[in-house]
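A.B. asks: Input structure: final_16.cif, which contains mmCIF, C-alpha atoms.
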data_model
#
loop_
_atom_site.label_atom_id
_atom_site.label_comp_id
_atom_site.auth_asym_id
_atom_site.auth_seq_id
_atom_site.Cartn_x
_atom_site.Cartn_y
_atom_site.Cartn_z
CA MET A 1 13.57 -41.74 -8.93
CA ARG A 2 14.01 -40.89 -12.60
CA GLU A 3 16.98 -42.36 -14.41
CA ASP A 4 18.77 -39.07 -15.06
CA TRP A 5 18.26 -37.78 -11.49
CA GLU A 6 20.93 -38.09 -8.82
CA VAL A 7 20.56 -38.11 -5.05
CA LYS A 8 23.07 -36.14 -3.00
CA LYS A 9 23.32 -35.01 0.59
CA LEU A 10 22.51 -31.35 1.14
CA GLY A 11 25.98 -30.63 2.52
CA ASP A 12 27.52 -31.90 -0.73
CA VAL A 13 25.58 -29.49 -2.94
CA CYS A 14 26.23 -26.30 -0.94
CA ASN A 15 29.06 -23.80 -1.15
CA TYR A 16 27.95 -22.37 2.17
CA LEU A 17 25.97 -24.00 4.97
CA THR A 18 26.17 -22.44 8.41
CA ASP A 19 23.96 -21.34 11.28
CA GLY A 20 23.06 -17.78 12.11
CA ASP A 21 24.24 -15.90 15.18
CA TRP A 22 23.37 -16.11 18.86
CA ILE A 23 21.78 -12.74 19.55
CA GLU A 24 20.61 -12.06 23.09
CA ASN A 25 18.14 -9.37 24.14
CA LYS A 26 20.99 -7.25 25.52
CA ASP A 27 22.59 -7.24 22.06
CA GLN A 28 19.53 -5.77 20.33
CA SER A 29 18.90 -2.13 19.47
CA LEU A 30 16.03 -0.03 18.14
CA SER A 31 17.48 0.25 14.65
CA GLY A 32 20.44 -0.83 12.58
CA ILE A 33 21.01 -4.27 11.07
CA ARG A 34 17.83 -6.34 10.88
CA LEU A 35 17.65 -9.73 12.60
CA ILE A 36 15.70 -12.36 10.65
CA GLN A 37 14.12 -14.96 12.96
CA THR A 38 12.53 -18.40 12.60
CA GLY A 39 9.12 -16.70 12.56
CA ASN A 40 10.06 -15.00 9.29
CA ILE A 41 10.51 -18.35 7.55
CA GLY A 42 7.34 -19.71 6.01
CA LYS A 43 6.93 -22.99 4.20
CA GLY A 44 8.47 -21.88 0.93
CA TYR A 45 8.07 -18.14 1.41
CA PHE A 46 9.40 -15.24 3.49
CA LYS A 47 7.15 -13.68 6.17
CA ASP A 48 8.05 -10.02 6.58
CA LYS A 49 6.21 -9.41 9.91
CA SER A 50 6.84 -5.67 9.97
CA ASP A 51 5.31 -5.37 13.44
CA SER A 52 8.05 -7.46 15.07
CA TYR A 53 11.31 -6.22 13.54
CA LYS A 54 14.43 -6.68 15.66
CA PHE A 55 17.84 -5.08 15.11
CA ILE A 56 21.42 -4.96 16.27
CA SER A 57 23.80 -2.01 15.89
CA GLU A 58 26.64 -1.89 13.39
CA SER A 59 29.17 -2.02 16.24
CA THR A 60 27.49 -5.14 17.72
CA PHE A 61 27.59 -6.74 14.26
CA TYR A 62 31.38 -6.43 14.25
CA ASP A 63 31.86 -7.15 17.97
CA LEU A 64 30.00 -10.47 17.66
CA ASP A 65 31.55 -11.23 14.26
CA CYS A 66 28.10 -11.84 12.80
CA LYS A 67 27.46 -13.51 9.46
CA GLU A 68 25.73 -11.28 6.94
CA VAL A 69 22.70 -12.66 5.11
CA PHE A 70 22.13 -11.57 1.50
CA PRO A 71 19.08 -11.49 -0.78
CA GLY A 72 18.93 -14.82 -2.61
CA ASP A 73 20.31 -16.80 0.35
CA ILE A 74 18.25 -19.77 1.51
CA LEU A 75 17.22 -19.84 5.17
CA VAL A 76 16.11 -23.09 6.84
CA SER A 77 14.39 -23.02 10.22
CA ARG A 78 15.69 -25.80 12.47
CA LEU A 79 12.71 -25.30 14.83
CA PRO A 80 9.75 -25.16 15.55
CA ASP A 81 7.11 -27.04 13.50
CA PRO A 82 7.30 -27.58 10.71
CA ILE A 83 11.00 -28.18 11.32
CA GLY A 84 13.05 -27.73 8.17
CA ARG A 85 10.81 -25.23 6.42
CA ALA A 86 12.76 -22.94 4.12
CA CYS A 87 12.55 -19.74 2.10
CA ILE A 88 14.68 -17.51 -0.11
CA VAL A 89 15.61 -14.13 1.39
CA PRO A 90 13.97 -11.36 -0.69
CA GLN A 91 15.42 -7.95 -1.46
CA LEU A 92 15.18 -6.01 1.82
CA ASN A 93 16.58 -2.68 2.95
CA GLY A 94 20.01 -2.64 4.60
CA LYS A 95 22.21 -5.33 6.09
CA LEU A 96 20.71 -8.56 7.44
CA ILE A 97 21.67 -11.24 9.91
CA THR A 98 19.74 -14.27 11.14
CA ALA A 99 19.20 -16.14 14.40
CA VAL A 100 21.19 -19.18 15.48
CA ASP A 101 18.24 -21.53 14.87
CA CYS A 102 18.25 -20.60 11.18
CA THR A 103 20.69 -22.19 8.76
CA ILE A 104 22.06 -20.09 5.89
CA ILE A 105 22.52 -21.96 2.62
CA ARG A 106 24.11 -21.05 -0.69
CA THR A 107 23.92 -23.85 -3.24
CA LYS A 108 26.41 -24.92 -5.87
CA GLU A 109 25.61 -24.39 -9.54
CA LEU A 110 24.22 -27.92 -9.92
CA LEU A 111 21.23 -27.08 -7.66
CA LEU A 112 18.85 -24.18 -8.30
CA SER A 113 17.83 -22.43 -5.11
CA GLN A 114 14.14 -22.29 -6.10
CA PHE A 115 14.15 -25.99 -7.03
CA PHE A 116 15.46 -26.77 -3.55
CA ILE A 117 12.73 -24.58 -2.01
CA TYR A 118 10.03 -26.48 -3.86
CA TYR A 119 11.57 -29.74 -2.69
CA THR A 120 11.41 -28.51 0.93
CA MET A 121 7.65 -28.09 0.45
CA SER A 122 7.20 -31.78 -0.41
CA ASN A 123 6.04 -34.59 1.86
CA VAL A 124 9.11 -36.73 1.18
CA TYR A 125 11.40 -33.94 2.42
CA TYR A 126 9.58 -33.73 5.75
CA SER A 127 9.55 -37.51 6.10
CA ARG A 128 13.35 -37.43 5.76
CA ILE A 129 13.63 -34.50 8.18
CA LYS A 130 11.73 -36.52 10.83
CA ASN A 131 14.48 -39.14 10.86
CA PHE A 132 16.97 -36.53 12.10
CA ILE A 133 14.89 -34.60 14.64
CA THR A 134 16.21 -34.66 18.22
CA GLY A 135 15.02 -33.32 21.58
CA ALA A 136 12.38 -34.60 23.97
CA VAL A 137 10.74 -31.25 24.79
CA ARG A 138 12.08 -28.77 22.26
CA LYS A 139 12.42 -30.71 19.03
CA ARG A 140 14.85 -29.50 16.39
CA ILE A 141 17.27 -30.64 13.72
CA SER A 142 20.96 -29.84 14.06
CA ARG A 143 22.88 -28.20 11.24
CA SER A 144 25.05 -31.30 10.85
CA ASN A 145 21.98 -33.52 10.54
CA LEU A 146 20.38 -31.06 8.12
CA SER A 147 23.44 -31.35 5.92
CA ARG A 148 22.82 -35.12 5.71
CA ILE A 149 19.32 -34.79 4.23
CA GLU A 150 19.16 -36.38 0.77
CA ILE A 151 18.21 -34.08 -2.10
CA PRO A 152 17.11 -35.16 -5.61
CA ILE A 153 19.25 -33.49 -8.27
CA PRO A 154 17.81 -33.53 -11.80
CA PRO A 155 19.78 -32.08 -14.73
CA LEU A 156 19.79 -28.28 -14.61
CA GLN A 157 17.53 -27.98 -17.65
CA THR A 158 14.96 -30.21 -15.93
CA GLN A 159 15.22 -28.13 -12.75
CA HIS A 160 14.54 -24.97 -14.76
CA GLN A 161 11.48 -26.59 -16.39
CA ILE A 162 10.09 -27.76 -13.04
CA VAL A 163 10.66 -24.38 -11.40
CA GLU A 164 9.04 -22.59 -14.35
CA GLU A 165 5.94 -24.80 -14.14
CA LEU A 166 5.56 -24.55 -10.36
CA ASP A 167 6.29 -20.79 -10.43
CA CYS A 168 3.50 -20.36 -12.97
CA LEU A 169 0.97 -22.19 -10.77
CA THR A 170 2.15 -20.29 -7.68
CA SER A 171 1.77 -16.99 -9.53
CA ILE A 172 -1.80 -17.87 -10.54
CA ILE A 173 -2.69 -18.74 -6.92
CA ASP A 174 -1.12 -15.50 -5.65
CA LYS A 175 -3.09 -13.45 -8.17
CA GLN A 176 -6.32 -15.22 -7.23
CA LYS A 177 -5.71 -14.56 -3.54
CA LYS A 178 -5.01 -10.92 -4.40
CA GLN A 179 -8.42 -10.80 -6.09
CA LEU A 180 -10.00 -12.00 -2.84
CA GLU A 181 -8.23 -9.22 -0.93
CA GLU A 182 -9.45 -6.64 -3.44
CA LEU A 183 -13.03 -7.88 -3.07
CA ASP A 184 -12.73 -7.66 0.72
CA ASN A 185 -11.43 -4.10 0.35
CA LEU A 186 -14.34 -3.30 -1.97
CA ALA A 187 -16.84 -4.60 0.61
CA GLN A 188 -15.24 -2.45 3.31
CA ALA A 189 -15.26 0.58 1.00
CA ILE A 190 -18.98 0.09 0.29
CA PHE A 191 -19.65 -0.05 4.03
CA TYR A 192 -17.84 3.23 4.71
CA ASP A 193 -19.48 4.90 1.71
CA MET A 194 -22.96 3.95 2.91
CA PHE A 195 -22.55 4.32 6.67
CA GLY A 196 -19.37 6.26 7.36
CA ASP A 197 -17.03 5.64 10.29
CA PRO A 198 -19.07 3.68 12.90
CA ILE A 199 -17.21 5.31 15.80
CA GLU A 200 -17.02 8.90 14.54
CA ASN A 201 -20.60 8.55 13.20
CA GLU A 202 -20.26 11.58 10.95
CA LYS A 203 -23.60 10.65 9.31
CA GLY A 204 -25.43 11.04 12.60
CA TRP A 205 -27.02 7.61 12.89
CA LYS A 206 -28.93 6.66 16.04
CA ILE A 207 -26.69 4.85 18.58
CA VAL A 208 -27.85 1.68 20.36
CA LYS A 209 -26.19 -0.79 22.69
CA PHE A 210 -25.91 -4.37 21.48
CA LYS A 211 -28.09 -5.56 24.41
CA ASN A 212 -30.95 -3.54 22.89
CA ILE A 213 -30.76 -5.33 19.55
CA GLY A 214 -29.63 -8.86 20.39
CA ASN A 215 -28.27 -11.42 22.79
CA ILE A 216 -25.30 -13.76 23.32
CA GLN A 217 -25.06 -17.54 23.58
CA GLY A 218 -21.76 -18.98 24.82
CA GLY A 219 -20.28 -22.28 23.67
CA TYR A 220 -20.13 -25.67 25.34
CA ALA A 221 -17.10 -27.57 26.67
CA PHE A 222 -17.23 -30.59 24.38
CA LYS A 223 -15.13 -33.52 25.60
CA SER A 224 -12.54 -34.61 23.05
CA ALA A 225 -12.82 -38.20 24.32
CA LEU A 226 -16.37 -38.24 22.94
CA PHE A 227 -15.48 -36.98 19.45
CA VAL A 228 -16.61 -39.24 16.61
CA ASN A 229 -15.56 -39.72 12.99
CA ASN A 230 -18.89 -38.55 11.62
CA GLY A 231 -21.49 -36.39 13.28
CA ILE A 232 -22.16 -32.72 13.99
CA PRO A 233 -19.09 -30.53 13.25
CA ILE A 234 -17.83 -28.58 16.26
CA LEU A 235 -16.94 -24.97 15.63
CA LYS A 236 -13.75 -24.40 17.66
CA ILE A 237 -11.93 -21.13 18.18
CA GLY A 238 -9.25 -22.11 15.65
CA ASN A 239 -11.95 -22.21 12.98
CA ILE A 240 -12.90 -18.54 13.41
CA ASN A 241 -10.23 -16.62 15.35
CA SER A 242 -8.70 -15.25 12.15
CA GLY A 243 -11.96 -13.46 11.34
CA PHE A 244 -13.04 -15.86 8.61
CA PHE A 245 -14.15 -19.49 8.64
CA LYS A 246 -11.43 -22.14 8.34
CA GLY A 247 -12.83 -25.52 7.44
CA ASP A 248 -9.73 -27.52 8.37
CA ASN A 249 -9.18 -29.53 11.57
CA ILE A 250 -12.91 -30.06 12.04
CA SER A 251 -13.94 -32.32 14.93
CA TYR A 252 -17.31 -34.07 15.18
CA TYR A 253 -19.72 -34.91 17.98
CA LYS A 254 -22.63 -37.31 18.14
CA TYR A 255 -25.97 -35.50 17.88
CA ASP A 256 -27.41 -34.82 21.34
CA PRO A 257 -30.90 -33.25 21.68
CA SER A 258 -29.92 -31.83 25.09
CA LEU A 259 -27.41 -29.53 23.36
CA THR A 260 -29.98 -27.64 21.28
CA LYS A 261 -28.96 -24.21 22.58
CA TYR A 262 -25.41 -24.77 21.30
CA GLU A 263 -26.59 -25.42 17.75
CA ILE A 264 -25.56 -22.90 15.11
CA TYR A 265 -26.56 -22.71 11.48
CA PRO A 266 -25.32 -21.17 8.21
CA ASN A 267 -25.41 -17.34 8.27
CA ASP A 268 -25.30 -17.23 12.08
CA LEU A 269 -22.82 -14.76 13.64
CA VAL A 270 -20.11 -16.05 15.97
CA ILE A 271 -17.28 -14.24 17.76
CA SER A 272 -14.01 -15.48 19.26
CA MET A 273 -14.06 -14.59 22.96
CA THR A 274 -10.48 -15.43 23.99
CA GLY A 275 -7.04 -15.09 22.46
CA THR A 276 -3.47 -14.02 23.06
CA VAL A 277 -2.66 -10.65 24.60
CA GLY A 278 -1.18 -8.38 21.95
CA LYS A 279 -2.44 -10.47 19.02
CA ASP A 280 -5.41 -10.10 16.70
CA ASP A 281 -6.87 -13.56 17.41
CA TYR A 282 -9.89 -12.64 19.52
CA GLY A 283 -12.92 -10.41 19.14
CA ASN A 284 -13.14 -11.54 15.53
CA ILE A 285 -16.50 -11.99 13.81
CA CYS A 286 -17.33 -14.83 11.45
CA ILE A 287 -20.50 -15.57 9.46
CA ILE A 288 -21.06 -19.33 9.41
CA PRO A 289 -20.85 -20.78 5.87
CA SER A 290 -23.14 -23.39 4.37
CA ASP A 291 -20.57 -26.23 4.35
CA TYR A 292 -22.77 -28.09 6.87
CA GLU A 293 -26.47 -27.82 7.75
CA LEU A 294 -25.74 -27.69 11.47
CA TYR A 295 -22.77 -27.00 13.75
CA TYR A 296 -22.11 -27.18 17.47
CA LEU A 297 -20.59 -24.15 19.18
CA ASN A 298 -17.51 -24.93 21.28
CA GLN A 299 -16.37 -22.95 24.32
CA ARG A 300 -14.28 -19.76 23.85
CA ASN A 301 -16.71 -18.76 21.09
CA ALA A 302 -20.11 -17.11 21.35
CA LYS A 303 -23.08 -16.80 19.05
CA LEU A 304 -24.50 -13.30 18.52
CA ILE A 305 -28.28 -13.37 18.11
CA VAL A 306 -29.60 -10.25 16.38
CA ASN A 307 -33.30 -9.36 16.40
CA ASP A 308 -35.36 -8.91 13.22
CA SER A 309 -34.92 -5.14 13.19
CA TYR A 310 -31.26 -5.54 12.26
CA ASN A 311 -29.38 -7.29 9.50
CA SER A 312 -26.69 -9.71 10.68
CA VAL A 313 -24.41 -8.99 7.69
CA PHE A 314 -24.51 -5.28 8.49
CA ILE A 315 -23.80 -5.96 12.18
CA SER A 316 -20.86 -8.20 11.25
CA TYR A 317 -19.25 -5.37 9.27
CA VAL A 318 -19.77 -2.91 12.11
CA LEU A 319 -18.02 -5.32 14.48
CA LYS A 320 -15.21 -5.93 11.97
CA ASP A 321 -14.29 -2.25 11.99
CA LYS A 322 -10.89 -1.77 13.64
CA LYS A 323 -12.05 1.11 15.86
CA VAL A 324 -15.13 -0.81 17.00
CA LYS A 325 -13.04 -3.88 17.72
CA ARG A 326 -10.57 -1.76 19.69
CA GLU A 327 -13.49 -0.43 21.74
CA LEU A 328 -14.76 -3.98 22.29
CA THR A 329 -11.42 -5.40 23.42
CA LYS A 330 -10.06 -2.47 25.43
CA ASN A 331 -11.18 -4.01 28.74
CA SER A 332 -10.13 -7.58 27.90
CA LYS A 333 -8.86 -9.39 30.99
CA GLY A 334 -5.82 -11.64 31.33
CA VAL A 335 -2.04 -11.49 31.46
CA ARG A 336 -1.23 -13.84 28.60
CA GLN A 337 -4.72 -14.86 27.53
CA ALA A 338 -7.11 -12.06 26.68
CA ASN A 339 -10.81 -12.51 27.38
CA ILE A 340 -13.89 -10.62 26.24
CA SER A 341 -16.86 -10.76 28.60
CA ASN A 342 -20.53 -10.91 27.64
CA ASN A 343 -20.94 -7.46 29.20
CA ASP A 344 -18.24 -6.06 26.90
CA ILE A 345 -20.41 -7.05 23.94
CA LEU A 346 -23.80 -6.24 25.47
CA ASN A 347 -22.72 -2.68 26.36
CA LEU A 348 -20.99 -1.96 23.06
CA ASN A 349 -22.39 1.09 21.23
CA LEU A 350 -23.40 0.50 17.60
CA ILE A 351 -24.72 2.73 14.83
CA SER A 352 -28.33 2.03 13.85
CA PRO A 353 -29.22 3.01 10.25
CA PRO A 354 -32.68 2.14 8.85
CA LEU A 355 -33.20 -1.58 8.20
CA PRO A 356 -33.82 -1.14 4.41
CA LEU A 357 -30.40 0.50 4.09
CA GLN A 358 -28.82 -2.36 6.05
CA GLN A 359 -30.54 -4.84 3.73
CA GLN A 360 -29.38 -2.93 0.65
CA PHE A 361 -25.81 -3.18 1.95
CA ALA A 362 -26.26 -6.91 2.65
CA SER A 363 -27.39 -7.47 -0.96
CA LYS A 364 -24.22 -5.84 -2.26
CA ILE A 365 -22.12 -8.01 0.06
CA GLU A 366 -23.98 -11.13 -1.10
CA ALA A 367 -23.02 -10.35 -4.70
CA ILE A 368 -19.39 -9.89 -3.67
CA GLU A 369 -19.44 -13.15 -1.69
CA LYS A 370 -20.67 -15.02 -4.77
CA GLN A 371 -17.70 -13.69 -6.72
CA LYS A 372 -15.40 -14.72 -3.87
CA GLU A 373 -16.80 -18.25 -3.88
CA LEU A 374 -16.00 -18.61 -7.58
CA ILE A 375 -12.45 -17.40 -6.98
CA LYS A 376 -12.05 -19.73 -3.96
CA LYS A 377 -13.16 -22.64 -6.14
CA SER A 378 -10.60 -21.64 -8.75
CA ILE A 379 -7.89 -21.36 -6.08
CA LYS A 380 -8.76 -24.86 -4.83
CA GLU A 381 -8.51 -26.27 -8.36
CA THR A 382 -5.14 -24.56 -8.96
CA GLU A 383 -3.82 -25.71 -5.57
CA ASP A 384 -4.91 -29.27 -6.36
CA LEU A 385 -3.02 -29.08 -9.64
CA PHE A 386 0.04 -27.65 -7.87
CA ASN A 387 -0.04 -30.45 -5.28
CA SER A 388 -0.45 -33.03 -8.02
CA ARG A 389 2.63 -31.74 -9.85
CA MET A 390 4.58 -31.64 -6.57
CA ASP A 391 3.66 -35.28 -5.98
CA TYR A 392 4.69 -36.15 -9.51
CA TYR A 393 8.13 -34.56 -9.18
CA PHE A 394 9.02 -35.24 -5.55
CA ASN A 395 6.84 -37.82 -3.86
#
Just dump the structure as structure tokens.
C.D. replies:
Amino acid sequence: MREDWEVKKLGDVCNYLTDGDWIENKDQSLSGIRLIQTGNIGKGYFKDKSDSYKFISESTFYDLDCKEVFPGDILVSRLPDPIGRACIVPQLNGKLITAVDCTIIRTKELLLSQFFIYYTMSNVYYSRIKNFITGAVRKRISRSNLSRIEIPIPPLQTQHQIVEELDCLTSIIDKQKKQLEELDNLAQAIFYDMFGDPIENEKGWKIVKFKNIGNIQGGYAFKSALFVNNGIPILKIGNINSGFFKGDNISYYKYDPSLTKYEIYPNDLVISMTGTVGKDDYGNICIIPSDYELYYLNQRNAKLIVNDSYNSVFISYVLKDKKVKRELTKNSKGVRQANISNNDILNLNLISPPLPLQQQFASKIEAIEKQKELIKKSIKETEDLFNSRMDYYFN
């Protein structure tokens, strides 16, 4: 701890620290005053989640004597993981309230709200939170325990300098991620310009079923007890169910020649076969990157094998189309867990432009992907710098 920094308990540096309101389903309405929930609180940022808005009426607001939440207030989620994550409420339309598992905080002048938010993103903050978590099944931190968390308090000028530096790095990362989104939009625009809507097929392409151009290989139920520290990386559903490859939480398996048919390689196509009903976490296509020379395919995923008359990049963009995906998943089985069958894929209708045109499209996408890789590398470097400065100030 630096010499001119103090340490105070959170409750001692707040003018206002209270929980939100207990709102039951019967209290909710179709419009009115918006209810902010724990799911809206990211680790340092606000998640808008426009598809899951909840409201109460003005009369219910007064009947229940609800606490109004204002832009600039800090919200801390007391559950679930990561417990204690926090964000600043942005400028939103109309009145706001929050759920009982969210704590509303307004700090005194000696603590900048954004400085506190950055502190809640640090490892030392979460290590302190862990000491106050209760509950055997549903873990949480109580408001009274939250108020006892120790907070570093530098001089205000130092807080401003730290916030300015970290804001600058965060802004750079946000802009770089925006560039990635724009490149993804460009790739999609090129697809529609060259091939049109794959369902409406206004360009009159020949239609084929997937079973006429390829095949499917399901994954294997790898036993976690046999995972090793180093070996062949296992591609699990969590690595691809967002529609792009996530290289975190990789597990490894000892090489086994009897598992040859479950081997997948860079540029192979895989699809997530199961997910949650009502969510966009299944039926998503991913092209395997070149991070490793070889992967194993875990269950709940499938490899799509396309014959030489079709380009796998082109096929991946057809399957990424929202209308095509809706057609693919419309018969998904399950009450809570949705499942796509092999037959759903094999009998899916696809447009079939000439192979040279598919290859021309793939070349354009390859150029875009190279640009994306450069941006991703830059994002990684900026994130490393951000984490280094966070460690320097807080850990």
A.B. asks: Here is a test: counting all atoms listed in the file, which residue of A:Tyr296, A:Cys14, A:Glu182, A:Val100 is nearest to Ser258 (chain A)?
C.D. replies: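 Distance minimum relative to Ser258 (chain A) lands on A:Tyr296.
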A.B. asks: Gly196 (chain A): which residues within 12 Å, counting only C-alpha atoms, same-chain residues fewer than 3 positions away excluded, as an NGL selection string?
C.D. replies: :A and (188-193 or 199-205 or 317-318 or 321 or 351-353)
A.B. asks: Selected by the PyMOL selection byres ((chain A and resi 132) around 12) in the shown coordinates: which residues, as a PyMOL selection string?
C.D. replies: chain A and resi 78+83-84+125-131+133-135+139-150
A.B. asks: Could you save the residues just selected, with C-alpha atoms, as a tab-separated table (two decimals), keeping the file's coordinate frame?
C.D. replies:
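As a result, result-v2.tsv now contains:
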chain	number	residue	atom	x	y	z
A	78	ARG	CA	15.69	-25.80	12.47
A	83	ILE	CA	11.00	-28.18	11.32
A	84	GLY	CA	13.05	-27.73	8.17
A	125	TYR	CA	11.40	-33.94	2.42
A	126	TYR	CA	9.58	-33.73	5.75
A	127	SER	CA	9.55	-37.51	6.10
A	128	ARG	CA	13.35	-37.43	5.76
A	129	ILE	CA	13.63	-34.50	8.18
A	130	LYS	CA	11.73	-36.52	10.83
A	131	ASN	CA	14.48	-39.14	10.86
A	133	ILE	CA	14.89	-34.60	14.64
A	134	THR	CA	16.21	-34.66	18.22
A	135	GLY	CA	15.02	-33.32	21.58
A	139	LYS	CA	12.42	-30.71	19.03
A	140	ARG	CA	14.85	-29.50	16.39
A	141	ILE	CA	17.27	-30.64	13.72
A	142	SER	CA	20.96	-29.84	14.06
A	143	ARG	CA	22.88	-28.20	11.24
A	144	SER	CA	25.05	-31.30	10.85
A	145	ASN	CA	21.98	-33.52	10.54
A	146	LEU	CA	20.38	-31.06	8.12
A	147	SER	CA	23.44	-31.35	5.92
A	148	ARG	CA	22.82	-35.12	5.71
A	149	ILE	CA	19.32	-34.79	4.23
A	150	GLU	CA	19.16	-36.38	0.77
A.B. asks: Run the PyMOL selection byres ((chain A and resi 108) around 10) against the file shown and list the residues it catches, as a list of chain:residue names.
C.D. replies: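 That selection, the PyMOL selection byres ((chain A and resi 108) around 10), comes back as A:Asp12, A:Val13, A:Cys14, A:Asn15, A:Tyr16, A:Ile105, A:Arg106, A:Thr107, A:Glu109, A:Leu110, A:Leu111, A:Leu112, A:Ser113.
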A.B. asks: Just to confirm, what's the straight-line distance from CA of Phe55 (chain A) to CA of Asp27 (chain A) in Å (one decimal)?
C.D. replies: 8.7 Å
A.B. asks: Would you compute the distance between CA of Leu92 (chain A) and CA of Glu181 (chain A)? Give it in Å to one decimal.
C.D. replies: 23.8 Å
A.B. asks: Residues of region 179-293 of chain A that have any atom at most 9 Å from an atom of region 371-388 of chain A: could you tabulate them with the shortest-distance atom pair and the distance in Å to one decimal, using only C-alpha atoms, ordered by chain and increasing number, as a Markdown table?
C.D. replies:
| residue | atom | partner | partner_atom | distance |
| --- | --- | --- | --- | --- |
| A:Gln179 | CA | A:Ile375 | CA | 7.8 |
| A:Leu180 | CA | A:Lys372 | CA | 6.1 |
| A:Leu183 | CA | A:Lys372 | CA | 7.3 |
| A:Asp184 | CA | A:Lys372 | CA | 8.8 |
A.B. asks: Pick out the closest residue to Tyr282 (chain A) from this set: A:Leu169, A:Leu319, A:Ile237, A:Leu269. Count only C-alpha atoms.
C.D. replies: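 Checking each of A:Leu169, A:Leu319, A:Ile237, A:Leu269 against Tyr282 (chain A), counting only C-alpha atoms, the winner is A:Ile237.
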A.B. asks: My list of candidates is A:Lys9, A:Tyr118, A:Ser341, A:Tyr292. Which is closest to Gly218 (chain A) when distances are computed with all atoms listed in the file?
C.D. replies: A:Ser341
A.B. asks: Counting all atoms listed in the file, which residues come within 9 Å of (-15.7, -7.9, 16.8), with the point read in the file's coordinates, and could you list them as a ChimeraX atom specification?
C.D. replies: /A:243,271-272,282-286,316-322,324-326,328-329,345
A.B. asks: Run the PyMOL selection byres ((chain A and resi 167) around 12) mentally over the shown coordinates, then write out the matched residues as a list in words, using the chain letters and numbers from the document.
C.D. replies: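 Residues picked by the PyMOL selection byres ((chain A and resi 167) around 12): Gly44, Gln114, Phe115, Ile117, Tyr118, Gln159, His160, Gln161, Ile162, Val163, Glu164, Glu165, Leu166, Cys168, Leu169, Thr170, Ser171, Ile172, Ile173, Asp174, Phe386, Arg389 and Met390 of chain A.
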A.B. asks: Dump C-alpha atoms for the selected residues as a JSON list (two decimals), in the coordinates of the input?
C.D. replies:
[["chain", "number", "residue", "atom", "x", "y", "z"],
["A", 44, "GLY", "CA", 8.47, -21.88, 0.93],
["A", 114, "GLN", "CA", 14.14, -22.29, -6.10],
["A", 115, "PHE", "CA", 14.15, -25.99, -7.03],
["A", 117, "ILE", "CA", 12.73, -24.58, -2.01],
["A", 118, "TYR", "CA", 10.03, -26.48, -3.86],
["A", 159, "GLN", "CA", 15.22, -28.13, -12.75],
["A", 160, "HIS", "CA", 14.54, -24.97, -14.76],
["A", 161, "GLN", "CA", 11.48, -26.59, -16.39],
["A", 162, "ILE", "CA", 10.09, -27.76, -13.04],
["A", 163, "VAL", "CA", 10.66, -24.38, -11.40],
["A", 164, "GLU", "CA", 9.04, -22.59, -14.35],
["A", 165, "GLU", "CA", 5.94, -24.80, -14.14],
["A", 166, "LEU", "CA", 5.56, -24.55, -10.36],
["A", 168, "CYS", "CA", 3.50, -20.36, -12.97],
["A", 169, "LEU", "CA", 0.97, -22.19, -10.77],
["A", 170, "THR", "CA", 2.15, -20.29, -7.68],
["A", 171, "SER", "CA", 1.77, -16.99, -9.53],
["A", 172, "ILE", "CA", -1.80, -17.87, -10.54],
["A", 173, "ILE", "CA", -2.69, -18.74, -6.92],
["A", 174, "ASP", "CA", -1.12, -15.50, -5.65],
["A", 386, "PHE", "CA", 0.04, -27.65, -7.87],
["A", 389, "ARG", "CA", 2.63, -31.74, -9.85],
["A", 390, "MET", "CA", 4.58, -31.64, -6.57]]
A.B. asks: Could you write out as AutoDock Vina command-line options the box around region 36-47 of chain A (axis-aligned, all atoms listed in the file, 5 Å on each side), with centre and edge lengths in Å to one decimal?
C.D. replies:
--center_x 11.3 --center_y -17.7 --center_z 6.9 --size_x 18.8 --size_y 20.6 --size_z 22.0
A.B. asks: Find the distance between CA of Pro82 (chain A) and CA of Asp21 (chain A) and write it in Å to one decimal.
C.D. replies: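 So the answer is 21.1 Å.
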A.B. asks: Which neighbours of Cys87 (chain A) fall inside 9 Å, counting all atoms listed in the file, when residues of the same chain fewer than 2 positions from it are skipped, and could you give them as a list in words?
C.D. replies: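 Final neighbour list, sorted by chain and number: Asn40, Ile41, Gly42, Lys43, Gly44, Tyr45, Phe46, Asp73, Ile74, Leu75, Val76, Ser77, Arg85, Val89, Pro90, Gln114, Ile117 and Thr120 of chain A.
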A.B. asks: For Ile368 (chain A), which residue among A:Thr98, A:Asn185, A:Asn395, A:Asn342 is the nearest when counting all atoms listed in the file?
C.D. replies: A:Asn185
A.B. asks: Restricting the calculation to all atoms listed in the file, which member of A:Ile234, A:Val208, A:Ile213, A:Ile153 is positioned closest to Lys8 (chain A)?
C.D. replies: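 Comparing A:Ile234, A:Val208, A:Ile213, A:Ile153 against Lys8 (chain A), the winner is A:Ile153.
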A.B. asks: Identify the residues around (-27.8, -8.3, 5.9) within a radius of 10 Å, measuring from all atoms listed in the file in the coordinates stated by the file, and give them as a list in words.
C.D. replies: Asn267, Tyr310, Asn311, Ser312, Val313, Phe314, Ile315, Ser316, Tyr317, Leu355, Pro356, Leu357, Gln358, Gln359, Gln360, Phe361, Ala362, Ser363, Lys364, Ile365 and Glu366 of chain A
A.B. asks: Taking all atoms listed in the file into account, which of A:Leu10, A:Ala187, A:Val270, A:Leu294 comes nearest Ile232 (chain A)?
C.D. replies: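 Using all atoms listed in the file, Ile232 (chain A) sits closest to A:Leu294.
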A.B. asks: Name the residues in contact with Asn212 (chain A) at a cut-off of 12 Å, using all atoms listed in the file, excluding same-chain residues fewer than 5 positions from it; report them as number ranges by chain.
C.D. replies: A: 207, 305-310, 345-352
